[in-house]
Amino acid sequence: MSISVPSALSLSSLESQICQNLRFILTDFDDTLTWEGQLPVETLQALAQLEAKGIKVIPVTGGCAGWSDMIARALPVDGVITEGGACFIGRTADRHLTYSFWRDESEMRAEQAAILAQVNEVLTQFPRLHLARDQAYRLTDVAIDYAQDVKPAAVADKDACLAALIEMGLNAKASSIHINVCSQGYDKFSMAQRVLSNVYGLSDAQQQEQVLYVGDAPNDESMFARFPLSVGVANIAQHLPMMRHRPRYQTTQPGGLGFAELADFVLSARLS
């Protein structure tokens with residue numbers, strides 16, 4: 001029996017007044033800003049155009065802190081929420097970076113070591129899966145590669161491994177390329193809310209009206225559930241049947257090309 005999944009609205013349904021009110025775009029990175037492992041030129045141009053028009057873009061990623069440090073330094077973004085909400089890498093006016101962890105950094109590093117030991121034990125059951133190449137650059141979580149350097153993607157092994165980790169009581173979620181395993185108590189949304197409130201001074205009501213979230217995978221559900229202004233890039237379609245919380249709008253283009261499509265729509269609407 002096929003599962004009927006409600007269709008997301010097209011971007012044409014995104015009202016002009018909503019676009020006028022936008023101050024922030026929070027976005028996943030892998031397969032939302034990138035496509036086929038690359039950052040499209042169109043995406044980089046879109047980021048620069050949004051920054052020029054005063055819309056702050058903050059990637060919210062399960063990617064490692066080391067990689068997120070580079071993103072915060074090199075791309076036209078206002079900071080990066082990294083490792084699934086564990087840390088916010090902010091940028092000062094003179095372009096220096098600041099690190100704000102969900103809890104004390106030393107405590108989170110100790111928890112990471114304990115999680116890593118448990119993950120390594122589970123991985124003995126799944127020879128096609130392995131720790132992500134960027135594990136050495138992670139400060140708080142553990143990432144298992146099933147579709148980044150594992151080709152073809154080990155989807156069945158991913159599903160079984162994810163189930164085993166959850167059965168052990170671990171906080172594990174799948175992105176489009178990794179299984180990310182981290183401490184309990186935070187996720188993408190909880191850190192996003194803290195940053196928007198403490199760093200940018202937005203009330204809960206302002207967050208609902210001035211922030212839009214873009215994503216592509218089930219690990220974006222906490223954001224889709226809380227932000228009424230949410231967009232899925234086209235490649236999210238394959239995940240929708242298994243998702244409880246889905247984006248309200250959807251682009252016609254995948255990955256970073258879809259992000260550029262969204263940026264163009266928003267900026268055009270702000271001119272009308």
# chains A, B, ... in the order shown; residues from 1 in each chain; ligands from 1

call {"tool": "residues_around", "arguments": {"residues": "Gly37 (chain A)", "least_positions_apart": "6", "cutoff": "12 Å", "atoms": "only C-alpha atoms", "output": "PyMOL selection string"}}
result
chain A and resi 29-31+147-149+176-177+255-256

call {"tool": "select_by_dssp", "arguments": {"residues": "region 110-179 of chain A", "states": "alpha helix (DSSP H)", "output": "PyMOL selection string"}}
result
chain A and resi 110-123+155-167

call {"tool": "residues_around", "arguments": {"residues": "Ile18 (chain A)", "least_positions_apart": "3", "cutoff": "10 Å", "atoms": "only C-alpha atoms", "output": "PDB file with N, CA and C atoms, in the first residue's frame"}}
result
ATOM      1  N   LEU A  14       4.480  31.618  -1.309  1.00  0.00           N
ATOM      2  CA  LEU A  14       5.150  32.382  -0.256  1.00  0.00           C
ATOM      3  C   LEU A  14       4.846  33.866  -0.470  1.00  0.00           C
ATOM      4  N   GLU A  15       4.046  34.419   0.411  1.00  0.00           N
ATOM      5  CA  GLU A  15       3.526  35.770   0.206  1.00  0.00           C
ATOM      6  C   GLU A  15       4.619  36.834   0.255  1.00  0.00           C
ATOM      7  N   ASN A  21       9.369  40.646   5.531  1.00  0.00           N
ATOM      8  CA  ASN A  21       9.656  40.580   6.964  1.00  0.00           C
ATOM      9  C   ASN A  21      10.885  39.758   7.311  1.00  0.00           C
ATOM     10  N   LEU A  22      11.377  38.965   6.370  1.00  0.00           N
ATOM     11  CA  LEU A  22      12.485  38.058   6.663  1.00  0.00           C
ATOM     12  C   LEU A  22      13.759  38.805   7.040  1.00  0.00           C
ATOM     13  N   GLU A 209       8.145  34.952  12.714  1.00  0.00           N
ATOM     14  CA  GLU A 209       7.829  35.824  11.585  1.00  0.00           C
ATOM     15  C   GLU A 209       9.046  36.223  10.754  1.00  0.00           C
ATOM     16  N   GLN A 210      10.228  36.213  11.355  1.00  0.00           N
ATOM     17  CA  GLN A 210      11.405  36.776  10.695  1.00  0.00           C
ATOM     18  C   GLN A 210      12.465  35.748  10.318  1.00  0.00           C
ATOM     19  N   VAL A 211      12.208  34.479  10.613  1.00  0.00           N
ATOM     20  CA  VAL A 211      13.196  33.431  10.369  1.00  0.00           C
ATOM     21  C   VAL A 211      12.602  32.361   9.460  1.00  0.00           C
ATOM     22  N   LEU A 212      13.350  31.987   8.437  1.00  0.00           N
ATOM     23  CA  LEU A 212      12.950  30.917   7.535  1.00  0.00           C
ATOM     24  C   LEU A 212      14.023  29.833   7.589  1.00  0.00           C
ATOM     25  N   LEU A 229       7.785  29.050   8.762  1.00  0.00           N
ATOM     26  CA  LEU A 229       8.386  29.408   7.478  1.00  0.00           C
ATOM     27  C   LEU A 229       9.517  28.419   7.218  1.00  0.00           C
ATOM     28  N   VAL A 266      12.832  35.229  -2.888  1.00  0.00           N
ATOM     29  CA  VAL A 266      12.690  36.140  -1.761  1.00  0.00           C
ATOM     30  C   VAL A 266      13.151  37.551  -2.120  1.00  0.00           C
ATOM     31  N   ALA A 269      10.742  39.251  -4.497  1.00  0.00           N
ATOM     32  CA  ALA A 269       9.515  39.653  -3.801  1.00  0.00           C
ATOM     33  C   ALA A 269       9.732  40.917  -2.986  1.00  0.00           C
ATOM     34  N   ARG A 270      10.935  41.097  -2.450  1.00  0.00           N
ATOM     35  CA  ARG A 270      11.231  42.279  -1.631  1.00  0.00           C
ATOM     36  C   ARG A 270      11.350  43.535  -2.487  1.00  0.00           C
TER      37      ARG A 270
END

call {"tool": "residues_around", "arguments": {"residues": "Val214 (chain A)", "least_positions_apart": "4", "cutoff": "7 Å", "atoms": "only C-alpha atoms", "output": "count of residues only"}}
result
6

call {"tool": "residues_around", "arguments": {"residues": "Ile55 (chain A)", "least_positions_apart": "5", "cutoff": "7 Å", "atoms": "only C-alpha atoms", "output": "PyMOL selection string"}}
result
chain A and resi 23-24+50
